[in-house]
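Colleague: Take a look at upload-v5.cif, mmCIF, C-alpha atoms and all ligand atoms:
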data_data
loop_
_atom_site.group_PDB
_atom_site.id
_atom_site.type_symbol
_atom_site.label_atom_id
_atom_site.label_comp_id
_atom_site.auth_asym_id
_atom_site.auth_seq_id
_atom_site.Cartn_x
_atom_site.Cartn_y
_atom_site.Cartn_z
ATOM 1 C CA MET B 1 -116.814 -14.431 -136.169
ATOM 2 C CA ASN B 2 -117.712 -16.931 -138.866
ATOM 3 C CA SER B 3 -114.660 -17.295 -141.062
ATOM 4 C CA PHE B 4 -112.093 -20.042 -141.629
ATOM 5 C CA GLN B 5 -108.879 -20.891 -139.839
ATOM 6 C CA PRO B 6 -106.263 -21.502 -142.564
ATOM 7 C CA LYS B 7 -104.192 -24.679 -142.338
ATOM 8 C CA ILE B 8 -101.610 -24.679 -145.116
ATOM 9 C CA LEU B 9 -100.176 -27.863 -146.640
ATOM 10 C CA ARG B 10 -97.243 -27.217 -148.981
ATOM 11 C CA PHE B 11 -96.093 -29.523 -151.755
ATOM 12 C CA ASP B 12 -93.199 -29.307 -154.162
ATOM 13 C CA SER B 13 -95.147 -30.891 -156.974
ATOM 14 C CA LEU B 14 -98.727 -32.142 -157.372
ATOM 15 C CA PRO B 15 -100.866 -33.070 -160.360
ATOM 16 C CA SER B 16 -103.450 -30.478 -159.233
ATOM 17 C CA THR B 17 -103.983 -28.664 -155.923
ATOM 18 C CA ASN B 18 -107.764 -28.809 -156.546
ATOM 19 C CA THR B 19 -107.673 -32.593 -156.898
ATOM 20 C CA GLU B 20 -105.594 -32.935 -153.726
ATOM 21 C CA ALA B 21 -107.815 -30.518 -151.734
ATOM 22 C CA ALA B 22 -110.958 -32.387 -152.888
ATOM 23 C CA ARG B 23 -109.387 -35.682 -151.842
ATOM 24 C CA GLN B 24 -108.565 -34.278 -148.417
ATOM 25 C CA ALA B 25 -112.077 -32.785 -148.063
ATOM 26 C CA GLN B 26 -113.524 -36.229 -148.763
ATOM 27 C CA GLU B 27 -111.279 -37.627 -146.038
ATOM 28 C CA GLY B 28 -112.773 -35.127 -143.575
ATOM 29 C CA ALA B 29 -110.502 -32.061 -143.848
ATOM 30 C CA ALA B 30 -111.886 -29.090 -141.947
ATOM 31 C CA GLU B 31 -112.887 -25.833 -143.551
ATOM 32 C CA GLY B 32 -109.801 -23.697 -144.206
ATOM 33 C CA LEU B 33 -107.517 -26.441 -145.478
ATOM 34 C CA CYS B 34 -105.197 -24.857 -148.048
ATOM 35 C CA VAL B 35 -103.126 -26.830 -150.518
ATOM 36 C CA VAL B 36 -100.230 -25.011 -152.181
ATOM 37 C CA ALA B 37 -97.796 -26.460 -154.727
ATOM 38 C CA ARG B 38 -94.672 -24.995 -156.341
ATOM 39 C CA GLU B 39 -95.603 -26.869 -159.520
ATOM 40 C CA GLN B 40 -98.643 -28.655 -160.954
ATOM 41 C CA THR B 41 -98.150 -31.363 -163.547
ATOM 42 C CA ALA B 42 -101.832 -31.610 -164.498
ATOM 43 C CA GLY B 43 -103.265 -28.215 -163.473
ATOM 44 C CA ARG B 44 -106.929 -27.932 -164.441
ATOM 45 C CA GLY B 45 -108.887 -24.941 -165.730
ATOM 46 C CA ARG B 46 -112.555 -24.202 -166.373
ATOM 47 C CA LEU B 47 -114.350 -25.945 -169.239
ATOM 48 C CA GLN B 48 -111.907 -28.907 -169.180
ATOM 49 C CA ARG B 49 -108.918 -26.732 -170.088
ATOM 50 C CA ARG B 50 -105.365 -27.206 -168.820
ATOM 51 C CA TRP B 51 -103.644 -24.726 -166.514
ATOM 52 C CA LEU B 52 -99.907 -24.620 -167.160
ATOM 53 C CA SER B 53 -98.105 -24.446 -163.815
ATOM 54 C CA PRO B 54 -94.303 -24.465 -164.159
ATOM 55 C CA ALA B 55 -92.286 -24.784 -160.933
ATOM 56 C CA GLY B 56 -91.922 -21.567 -158.948
ATOM 57 C CA ALA B 57 -93.533 -19.403 -161.671
ATOM 58 C CA GLY B 58 -96.953 -18.882 -160.128
ATOM 59 C CA LEU B 59 -99.129 -19.235 -157.069
ATOM 60 C CA TYR B 60 -101.039 -22.523 -157.337
ATOM 61 C CA PHE B 61 -103.415 -22.756 -154.426
ATOM 62 C CA SER B 62 -106.729 -24.408 -153.407
ATOM 63 C CA ILE B 63 -108.869 -23.966 -150.307
ATOM 64 C CA VAL B 64 -111.648 -26.123 -148.843
ATOM 65 C CA LEU B 65 -114.692 -24.164 -147.625
ATOM 66 C CA ARG B 66 -118.148 -25.099 -146.363
ATOM 67 C CA PRO B 67 -120.175 -21.865 -146.624
ATOM 68 C CA ARG B 68 -123.110 -21.554 -144.221
ATOM 69 C CA VAL B 69 -125.370 -19.881 -146.763
ATOM 70 C CA ASP B 70 -128.295 -21.138 -148.829
ATOM 71 C CA ALA B 71 -127.167 -23.629 -151.497
ATOM 72 C CA SER B 72 -128.520 -21.303 -154.209
ATOM 73 C CA LEU B 73 -125.804 -18.787 -153.260
ATOM 74 C CA TRP B 74 -122.802 -21.121 -153.490
ATOM 75 C CA SER B 75 -122.469 -19.990 -157.105
ATOM 76 C CA LEU B 76 -121.156 -16.704 -155.669
ATOM 77 C CA MET B 77 -117.971 -18.394 -154.392
ATOM 78 C CA PRO B 78 -116.036 -17.904 -157.673
ATOM 79 C CA LEU B 79 -117.024 -14.208 -157.679
ATOM 80 C CA LEU B 80 -115.992 -13.860 -154.043
ATOM 81 C CA ALA B 81 -112.624 -15.472 -154.858
ATOM 82 C CA ALA B 82 -112.135 -13.129 -157.831
ATOM 83 C CA LEU B 83 -112.804 -10.115 -155.605
ATOM 84 C CA ALA B 84 -110.292 -11.397 -153.080
ATOM 85 C CA VAL B 85 -107.616 -11.911 -155.766
ATOM 86 C CA HIS B 86 -108.297 -8.429 -157.119
ATOM 87 C CA GLU B 87 -107.766 -6.906 -153.669
ATOM 88 C CA ALA B 88 -104.768 -9.084 -152.790
ATOM 89 C CA LEU B 89 -102.985 -8.074 -156.013
ATOM 90 C CA VAL B 90 -103.501 -4.385 -155.202
ATOM 91 C CA GLU B 91 -102.233 -4.930 -151.660
ATOM 92 C CA SER B 92 -99.233 -7.170 -152.370
ATOM 93 C CA CYS B 93 -98.145 -6.096 -155.895
ATOM 94 C CA ALA B 94 -99.805 -2.685 -156.487
ATOM 95 C CA VAL B 95 -101.490 -4.119 -159.598
ATOM 96 C CA GLU B 96 -105.035 -2.954 -160.484
ATOM 97 C CA THR B 97 -106.909 -5.617 -162.433
ATOM 98 C CA ASP B 98 -110.251 -6.120 -164.162
ATOM 99 C CA ILE B 99 -112.573 -9.077 -163.524
ATOM 100 C CA LYS B 100 -114.122 -10.866 -166.488
ATOM 101 C CA TRP B 101 -117.309 -12.752 -165.672
ATOM 102 C CA PRO B 102 -117.373 -14.932 -163.752
ATOM 103 C CA ASN B 103 -113.878 -15.001 -162.340
ATOM 104 C CA ASP B 104 -111.001 -14.352 -164.733
ATOM 105 C CA ILE B 105 -108.570 -11.729 -163.516
ATOM 106 C CA LEU B 106 -107.339 -9.635 -166.424
ATOM 107 C CA PHE B 107 -104.748 -6.944 -166.850
ATOM 108 C CA GLY B 108 -105.663 -5.047 -169.997
ATOM 109 C CA GLU B 109 -107.223 -7.837 -172.027
ATOM 110 C CA ARG B 110 -104.701 -10.436 -170.864
ATOM 111 C CA LYS B 111 -105.355 -13.121 -168.303
ATOM 112 C CA LEU B 112 -103.340 -12.890 -165.101
ATOM 113 C CA CYS B 113 -105.211 -15.354 -162.905
ATOM 114 C CA GLY B 114 -107.812 -18.107 -163.254
ATOM 115 C CA ILE B 115 -110.152 -19.567 -160.651
ATOM 116 C CA LEU B 116 -111.762 -23.001 -160.598
ATOM 117 C CA ALA B 117 -114.449 -23.644 -157.948
ATOM 118 C CA GLU B 118 -115.698 -27.238 -157.662
ATOM 119 C CA THR B 119 -118.182 -28.748 -155.197
ATOM 120 C CA VAL B 120 -117.455 -32.078 -153.533
ATOM 121 C CA ASP B 121 -119.734 -34.264 -151.461
ATOM 122 C CA THR B 122 -118.151 -35.358 -148.204
ATOM 123 C CA GLU B 123 -119.359 -37.233 -145.127
ATOM 124 C CA SER B 124 -119.705 -33.953 -143.268
ATOM 125 C CA GLY B 125 -121.714 -32.370 -146.075
ATOM 126 C CA ARG B 126 -120.985 -30.561 -149.282
ATOM 127 C CA ALA B 127 -117.763 -28.524 -149.574
ATOM 128 C CA VAL B 128 -116.463 -26.170 -152.232
ATOM 129 C CA VAL B 129 -112.845 -26.382 -153.350
ATOM 130 C CA THR B 130 -111.721 -23.065 -154.783
ATOM 131 C CA GLY B 131 -108.498 -23.204 -156.779
ATOM 132 C CA ILE B 132 -106.591 -20.078 -157.735
ATOM 133 C CA GLY B 133 -103.701 -19.856 -160.199
ATOM 134 C CA ILE B 134 -101.843 -16.542 -160.484
ATOM 135 C CA ASN B 135 -99.060 -16.032 -163.035
ATOM 136 C CA LEU B 136 -96.275 -14.416 -161.042
ATOM 137 C CA SER B 137 -93.143 -14.595 -163.197
ATOM 138 C CA VAL B 138 -92.434 -14.457 -166.923
ATOM 139 C CA ALA B 139 -91.658 -18.186 -166.771
ATOM 140 C CA ALA B 140 -95.342 -18.949 -166.079
ATOM 141 C CA LEU B 141 -96.207 -18.493 -169.747
ATOM 142 C CA PRO B 142 -94.892 -20.188 -172.889
ATOM 143 C CA PRO B 143 -94.363 -17.857 -175.901
ATOM 144 C CA GLU B 144 -97.622 -18.964 -177.579
ATOM 145 C CA LEU B 145 -99.695 -17.679 -174.614
ATOM 146 C CA GLN B 146 -97.986 -14.319 -174.230
ATOM 147 C CA GLU B 147 -100.515 -12.574 -176.510
ATOM 148 C CA VAL B 148 -103.479 -13.633 -174.383
ATOM 149 C CA ALA B 149 -102.024 -13.975 -170.894
ATOM 150 C CA THR B 150 -99.657 -12.048 -168.668
ATOM 151 C CA SER B 151 -97.826 -12.221 -165.332
ATOM 152 C CA VAL B 152 -97.151 -9.828 -162.461
ATOM 153 C CA GLU B 153 -93.493 -9.686 -163.574
ATOM 154 C CA VAL B 154 -94.452 -8.579 -167.087
ATOM 155 C CA ILE B 155 -96.699 -5.858 -165.609
ATOM 156 C CA THR B 156 -94.454 -4.495 -162.844
ATOM 157 C CA GLY B 157 -90.967 -5.711 -163.764
ATOM 158 C CA ILE B 158 -90.783 -7.650 -160.484
ATOM 159 C CA ALA B 159 -91.749 -11.266 -159.848
ATOM 160 C CA PRO B 160 -93.374 -11.101 -156.391
ATOM 161 C CA ASP B 161 -92.759 -13.533 -153.589
ATOM 162 C CA ALA B 162 -95.492 -16.189 -153.834
ATOM 163 C CA GLU B 163 -95.699 -16.375 -150.043
ATOM 164 C CA ALA B 164 -96.441 -12.639 -149.688
ATOM 165 C CA VAL B 165 -99.209 -12.892 -152.299
ATOM 166 C CA LEU B 166 -100.632 -15.981 -150.562
ATOM 167 C CA GLN B 167 -100.713 -14.280 -147.155
ATOM 168 C CA ALA B 168 -102.470 -11.195 -148.595
ATOM 169 C CA LEU B 169 -104.928 -13.447 -150.392
ATOM 170 C CA LEU B 170 -105.754 -15.452 -147.270
ATOM 171 C CA ARG B 171 -106.362 -12.278 -145.267
ATOM 172 C CA VAL B 172 -108.753 -10.825 -147.836
ATOM 173 C CA LEU B 173 -110.457 -14.166 -148.486
ATOM 174 C CA ALA B 174 -111.133 -14.657 -144.770
ATOM 175 C CA ARG B 175 -112.651 -11.184 -144.483
ATOM 176 C CA ARG B 176 -114.807 -11.545 -147.593
ATOM 177 C CA TYR B 177 -115.901 -15.043 -146.582
ATOM 178 C CA GLU B 178 -117.031 -13.822 -143.169
ATOM 179 C CA THR B 179 -119.119 -11.037 -144.742
ATOM 180 C CA PHE B 180 -120.553 -13.471 -147.320
ATOM 181 C CA GLN B 181 -122.154 -15.466 -144.494
ATOM 182 C CA THR B 182 -124.018 -12.493 -143.022
ATOM 183 C CA ASP B 183 -127.563 -11.496 -144.051
ATOM 184 C CA ALA B 184 -126.452 -8.778 -146.450
ATOM 185 C CA GLY B 185 -123.364 -10.732 -147.568
ATOM 186 C CA SER B 186 -124.450 -11.997 -150.965
ATOM 187 C CA GLY B 187 -125.701 -8.542 -151.985
ATOM 188 C CA GLU B 188 -122.365 -7.085 -150.986
ATOM 189 C CA ILE B 189 -120.446 -9.589 -153.137
ATOM 190 C CA ILE B 190 -122.625 -8.723 -156.157
ATOM 191 C CA CYS B 191 -122.237 -5.011 -155.524
ATOM 192 C CA GLU B 192 -118.477 -5.029 -155.010
ATOM 193 C CA TRP B 193 -117.824 -7.445 -157.879
ATOM 194 C CA SER B 194 -119.860 -5.163 -160.146
ATOM 195 C CA ALA B 195 -117.872 -2.113 -159.031
ATOM 196 C CA ARG B 196 -114.591 -3.792 -159.980
ATOM 197 C CA SER B 197 -115.567 -5.445 -163.252
ATOM 198 C CA SER B 198 -115.828 -3.610 -166.560
ATOM 199 C CA TYR B 199 -117.911 -6.598 -167.715
ATOM 200 C CA SER B 200 -120.776 -6.052 -165.298
ATOM 201 C CA TYR B 201 -122.736 -3.464 -167.254
ATOM 202 C CA GLY B 202 -122.829 -2.047 -170.764
ATOM 203 C CA LYS B 203 -120.151 -4.197 -172.390
ATOM 204 C CA ARG B 204 -120.848 -5.860 -175.735
ATOM 205 C CA VAL B 205 -119.993 -9.542 -175.374
ATOM 206 C CA ARG B 206 -120.401 -12.943 -176.947
ATOM 207 C CA VAL B 207 -121.103 -15.823 -174.540
ATOM 208 C CA GLY B 208 -120.691 -19.456 -175.541
ATOM 209 C CA ASN B 209 -121.256 -22.561 -173.460
ATOM 210 C CA GLY B 210 -120.177 -25.172 -176.010
ATOM 211 C CA THR B 211 -123.657 -25.733 -177.440
ATOM 212 C CA GLU B 212 -125.180 -22.248 -177.613
ATOM 213 C CA THR B 213 -123.827 -18.777 -178.275
ATOM 214 C CA CYS B 214 -125.488 -15.453 -177.591
ATOM 215 C CA GLU B 215 -124.385 -11.909 -178.235
ATOM 216 C CA GLY B 216 -125.512 -8.702 -176.598
ATOM 217 C CA VAL B 217 -124.758 -6.077 -173.975
ATOM 218 C CA THR B 218 -124.182 -6.938 -170.300
ATOM 219 C CA ARG B 219 -126.886 -5.747 -167.907
ATOM 220 C CA GLY B 220 -125.619 -6.612 -164.439
ATOM 221 C CA LEU B 221 -125.823 -9.757 -162.321
ATOM 222 C CA GLU B 222 -128.665 -11.845 -160.915
ATOM 223 C CA PRO B 223 -128.652 -12.383 -157.102
ATOM 224 C CA ASP B 224 -126.877 -15.743 -157.630
ATOM 225 C CA GLY B 225 -124.131 -14.182 -159.773
ATOM 226 C CA ALA B 226 -125.518 -15.164 -163.201
ATOM 227 C CA LEU B 227 -124.779 -12.620 -165.956
ATOM 228 C CA ARG B 228 -127.648 -10.761 -167.620
ATOM 229 C CA VAL B 229 -127.099 -10.100 -171.332
ATOM 230 C CA GLU B 230 -129.512 -8.019 -173.423
ATOM 231 C CA THR B 231 -129.644 -9.263 -177.020
ATOM 232 C CA ASP B 232 -130.186 -6.979 -180.011
ATOM 233 C CA LEU B 233 -133.876 -7.998 -179.912
ATOM 234 C CA GLY B 234 -134.155 -6.557 -176.395
ATOM 235 C CA GLU B 235 -134.460 -9.962 -174.735
ATOM 236 C CA ILE B 236 -132.586 -10.529 -171.446
ATOM 237 C CA LYS B 237 -130.664 -13.822 -171.415
ATOM 238 C CA VAL B 238 -129.467 -15.080 -168.038
ATOM 239 C CA VAL B 239 -126.133 -16.855 -168.395
ATOM 240 C CA ARG B 240 -125.072 -19.276 -165.649
ATOM 241 C CA ALA B 241 -122.107 -20.949 -167.360
ATOM 242 C CA GLY B 242 -119.962 -20.125 -170.318
ATOM 243 C CA ASP B 243 -117.086 -18.240 -171.768
ATOM 244 C CA VAL B 244 -117.369 -14.509 -172.323
ATOM 245 C CA THR B 245 -115.477 -12.641 -175.026
ATOM 246 C CA THR B 246 -115.570 -8.936 -175.773
ATOM 247 C CA VAL B 247 -117.094 -7.986 -179.119
ATOM 248 C CA ARG B 248 -115.660 -4.879 -180.717
ATOM 249 C CA PRO B 249 -118.236 -2.678 -182.446
ATOM 250 C CA SER B 250 -117.757 -3.003 -186.218
ATOM 251 C CA ALA B 251 -116.586 0.125 -188.028
ATOM 252 C CA ALA B 252 -119.392 2.281 -189.388
ATOM 253 C CA PRO B 253 -119.708 2.076 -193.209
ATOM 254 C CA VAL B 254 -118.384 5.166 -195.024
HETATM 255 C C1 LIG M 301 -109.360 -21.135 -165.466
HETATM 256 O O1 LIG M 301 -109.150 -19.953 -165.690
HETATM 257 O O2 LIG M 301 -109.714 -21.887 -166.379
HETATM 258 C C2 LIG M 301 -109.194 -21.665 -164.076
HETATM 259 C C3 LIG M 301 -107.772 -21.987 -163.761
HETATM 260 C C4 LIG M 301 -107.586 -22.452 -162.325
HETATM 261 C C5 LIG M 301 -106.161 -22.874 -162.046
HETATM 262 C C6 LIG M 301 -105.939 -23.180 -160.600
HETATM 263 S S1 LIG M 301 -104.232 -23.407 -160.223
HETATM 264 C C7 LIG M 301 -104.635 -24.027 -158.653
HETATM 265 C C8 LIG M 301 -105.849 -24.900 -158.831
HETATM 266 N N1 LIG M 301 -105.474 -26.255 -159.212
HETATM 267 C C9 LIG M 301 -105.914 -26.579 -160.429
HETATM 268 O O3 LIG M 301 -105.720 -27.671 -161.001
HETATM 269 N N2 LIG M 301 -106.571 -25.548 -160.968
HETATM 270 C C10 LIG M 301 -106.635 -24.414 -160.058
#
As structure tokens, please, write out the structure in this file.
Ligand code: BTN

Modeller:
Amino acid sequence: MNSFQPKILRFDSLPSTNTEAARQAQEGAAEGLCVVAREQTAGRGRLQRRWLSPAGAGLYFSIVLRPRVDASLWSLMPLLAALAVHEALVESCAVETDIKWPNDILFGERKLCGILAETVDTESGRAVVTGIGINLSVAALPPELQEVATSVEVITGIAPDAEAVLQALLRVLARRYETFQTDAGSGEIICEWSARSSYSYGKRVRVGNGTETCEGVTRGLEPDGALRVETDLGEIKVVRAGDVTTVRPSAAPV
């Protein structure tokens, strides 16, 4: 068996569980170190965004991993984490979600969970810190975000116990991580991610990375998890970083 042994460190409040996990990885923490906080005062999101993390309203969690796979496949870690969150939410809350490339967990069009994977160089080699934030109760979201984001409580009427969600997540993560490190593992991640994401194939999207924007229809994933988008000129663009938004077809002229 080639998975991790979780060691959980719990904090009442931290600036960011990712920052703390990266610090501990640099100090030699073993694979499987998990940092959990009831509150984050400077939670970080992708593309330099903030992640609001009020006390007791969400699961704010980061794990240190050192995957034994080719470096070109480490980019699959965020997709693996998204798959694990998807499965853990079914198991612990009976909530069926969608996955927006690369790793946003959506319910309807609203964001329920975000994932931030960051690599850190340590004395014992490179590690990846994967941070997961799941909105559990209504209190996770200020009124101005309620149009674009949601929580398990809004969906089911019940705010789940963060500990139960964490335990389900660790179980699924460990299983997925073990498979990832087998010969067929990366193909399985791509295949299963694609089966659970409405964004994998045939969705009209706009993708922006801050400097460039492209629009087209999704055409599956590359072996390293990059998104293939076919433009209206029939060209396939391979997107490795960026923000995806759905484009609604414009109404036909009458
Ligand atoms: C995103 O969708 O932009 C990613 C959000 C990731 C938030 C989580 S909460 C736990 C961990 N600590 C952080 O500072 N960020 C991640």

Colleague: On this file, the PyMOL selection byres (((not hetatm)) within 10 of (chain M and resi 301)) gives some set of residues; write that set as number ranges by chain.

Modeller: B: 14-21, 35-37, 39-53, 58-63, 102-105, 111-118, 129-135, 243

Colleague: Ranking B:Leu89, B:Ala71, B:Glu109, B:Ala127 by minimum distance to Gly28 in chain B and counting all atoms listed in the file, which one comes first?

Modeller: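 Closest residue, counting all atoms listed in the file: B:Ala127.
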
Colleague: Sort by chain and increasing residue number a table of all residues of range 13-99 of chain B within 8 Å of range 221-234 of chain B, each with its closest pair of atoms and their distance in Å to one decimal, counting only C-alpha atoms, and write it as JSON lines.

Modeller:
{"residue": "B:Ser72", "atom": "CA", "partner": "B:Asp224", "partner_atom": "CA", "distance": 6.7}
{"residue": "B:Leu73", "atom": "CA", "partner": "B:Asp224", "partner_atom": "CA", "distance": 5.4}
{"residue": "B:Trp74", "atom": "CA", "partner": "B:Asp224", "partner_atom": "CA", "distance": 7.9}
{"residue": "B:Ser75", "atom": "CA", "partner": "B:Asp224", "partner_atom": "CA", "distance": 6.1}
{"residue": "B:Leu76", "atom": "CA", "partner": "B:Gly225", "partner_atom": "CA", "distance": 5.7}
{"residue": "B:Leu79", "atom": "CA", "partner": "B:Gly225", "partner_atom": "CA", "distance": 7.4}

Colleague: For the selection you just gave me, I'd like the residues written to a file as a PDB file, keeping the file's coordinate frame, keeping C-alpha atoms.

Modeller:
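This is the output file selection_5.pdb:
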ATOM      1  CA  SER B  72    -128.520 -21.303-154.209  1.00  0.00           C
ATOM      2  CA  LEU B  73    -125.804 -18.787-153.260  1.00  0.00           C
ATOM      3  CA  TRP B  74    -122.802 -21.121-153.490  1.00  0.00           C
ATOM      4  CA  SER B  75    -122.469 -19.990-157.105  1.00  0.00           C
ATOM      5  CA  LEU B  76    -121.156 -16.704-155.669  1.00  0.00           C
ATOM      6  CA  LEU B  79    -117.024 -14.208-157.679  1.00  0.00           C
TER       7      LEU B  79
END

Colleague: Name the residues captured by the PyMOL selection byres (((chain B and resi 181-198) around 8) and not hetatm) when it is applied to the shown file; answer as an NGL selection string.

Modeller: :B and (2 or 67-69 or 73 or 76 or 79-80 or 83 or 98-101 or 177-180 or 199-201 or 203 or 220-221 or 223 or 225)

Colleague: Would you compute an axis-aligned box for range 225-233 of chain B, covering every atom listed for it in the file with 4 Å of margin on each side, and report centre and edge lengths in Å to one decimal as AutoDock Vina command-line options?

Modeller:
--center_x -129.0 --center_y -11.1 --center_z -169.9 --size_x 17.7 --size_y 16.2 --size_z 28.2

Colleague: One number please: CA of Pro6 in chain B to CA of Val90 in chain B, in Å, one decimal.

Modeller: 21.5 Å

Colleague: Given only C-alpha atoms as the basis, pick out the residue of B:Val207, B:Leu65, B:Ala168, B:Cys214 nearest to Arg126 in chain B.

Modeller: B:Leu65

Colleague: For CA of Arg248 in chain B and CA of Phe107 in chain B, determine how far apart the two atoms are, in Å to one decimal place.

Modeller: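 Taking CA of Arg248 in chain B as the start and CA of Phe107 in chain B as the end point, the length is 17.8 Å.
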
Colleague: Between CA of Leu145 in chain B and CA of Glu163 in chain B, what distance in Å does the model show, to one decimal?

Modeller: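 These two atoms are separated by 24.9 Å.
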
Colleague: Using all atoms listed in the file, find the one residue out of B:Val172, B:Ala22, B:Val120, B:Cys93 that sits nearest to Leu136 in chain B.

Modeller: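 For Leu136 in chain B, the nearest of the given residues is B:Cys93.
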
Colleague: Pick from B:Ala57, B:Ile155, B:Ile236, B:Val217: nearest to Leu106 in chain B, with all atoms listed in the file counted?

Modeller: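 Comparing B:Ala57, B:Ile155, B:Ile236, B:Val217 against Leu106 in chain B, the winner is B:Ile155.
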
Colleague: Considering all atoms listed in the file, return as a VMD selection string whatever protein or nucleic-acid residues lie within 12 Å of Thr213 in chain B, sequence-local ones (same chain, fewer than 2 positions apart) excluded.

Modeller: chain B and resid 205 to 211 215 to 216 229 231 237 239 241 to 245

Colleague: For the residues in the current selection, export C-alpha atoms as a PDB file, keeping the file's coordinate frame.

Modeller:
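Done, and the output landed in result.pdb:
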ATOM      1  CA  VAL B 205    -119.993  -9.542-175.374  1.00  0.00           C
ATOM      2  CA  ARG B 206    -120.401 -12.943-176.947  1.00  0.00           C
ATOM      3  CA  VAL B 207    -121.103 -15.823-174.540  1.00  0.00           C
ATOM      4  CA  GLY B 208    -120.691 -19.456-175.541  1.00  0.00           C
ATOM      5  CA  ASN B 209    -121.256 -22.561-173.460  1.00  0.00           C
ATOM      6  CA  GLY B 210    -120.177 -25.172-176.010  1.00  0.00           C
ATOM      7  CA  THR B 211    -123.657 -25.733-177.440  1.00  0.00           C
ATOM      8  CA  GLU B 215    -124.385 -11.909-178.235  1.00  0.00           C
ATOM      9  CA  GLY B 216    -125.512  -8.702-176.598  1.00  0.00           C
ATOM     10  CA  VAL B 229    -127.099 -10.100-171.332  1.00  0.00           C
ATOM     11  CA  THR B 231    -129.644  -9.263-177.020  1.00  0.00           C
ATOM     12  CA  LYS B 237    -130.664 -13.822-171.415  1.00  0.00           C
ATOM     13  CA  VAL B 239    -126.133 -16.855-168.395  1.00  0.00           C
ATOM     14  CA  ALA B 241    -122.107 -20.949-167.360  1.00  0.00           C
ATOM     15  CA  GLY B 242    -119.962 -20.125-170.318  1.00  0.00           C
ATOM     16  CA  ASP B 243    -117.086 -18.240-171.768  1.00  0.00           C
ATOM     17  CA  VAL B 244    -117.369 -14.509-172.323  1.00  0.00           C
ATOM     18  CA  THR B 245    -115.477 -12.641-175.026  1.00  0.00           C
TER      19      THR B 245
END

Colleague: Let me make sure I understand: among B:Val95, B:Leu169, B:Ala139, B:Val128, which one has the smallest atom-to-atom distance to Gln24 in chain B if we use all atoms listed in the file?

Modeller: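 Using all atoms listed in the file, Gln24 in chain B sits closest to B:Val128.
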
Colleague: Give the answer as one residue: which of B:Val238, B:Leu166, B:Ala55, B:Ala94 has the shortest atom-to-atom distance to Ser137 in chain B, using all atoms listed in the file?

Modeller: B:Ala55

Colleague: Name the residues in contact with Gln5 in chain B at a cut-off of 12 Å, using all atoms listed in the file, excluding same-chain residues fewer than 2 positions from it; report them as a list in words.

Modeller: Met1, Asn2, Ser3, Lys7, Ile8, Ala29, Ala30, Glu31, Gly32, Leu33, Cys34, Ile63, Val64, Leu65, Leu170, Arg171, Leu173, Ala174, Arg175, Tyr177 and Glu178 of chain B
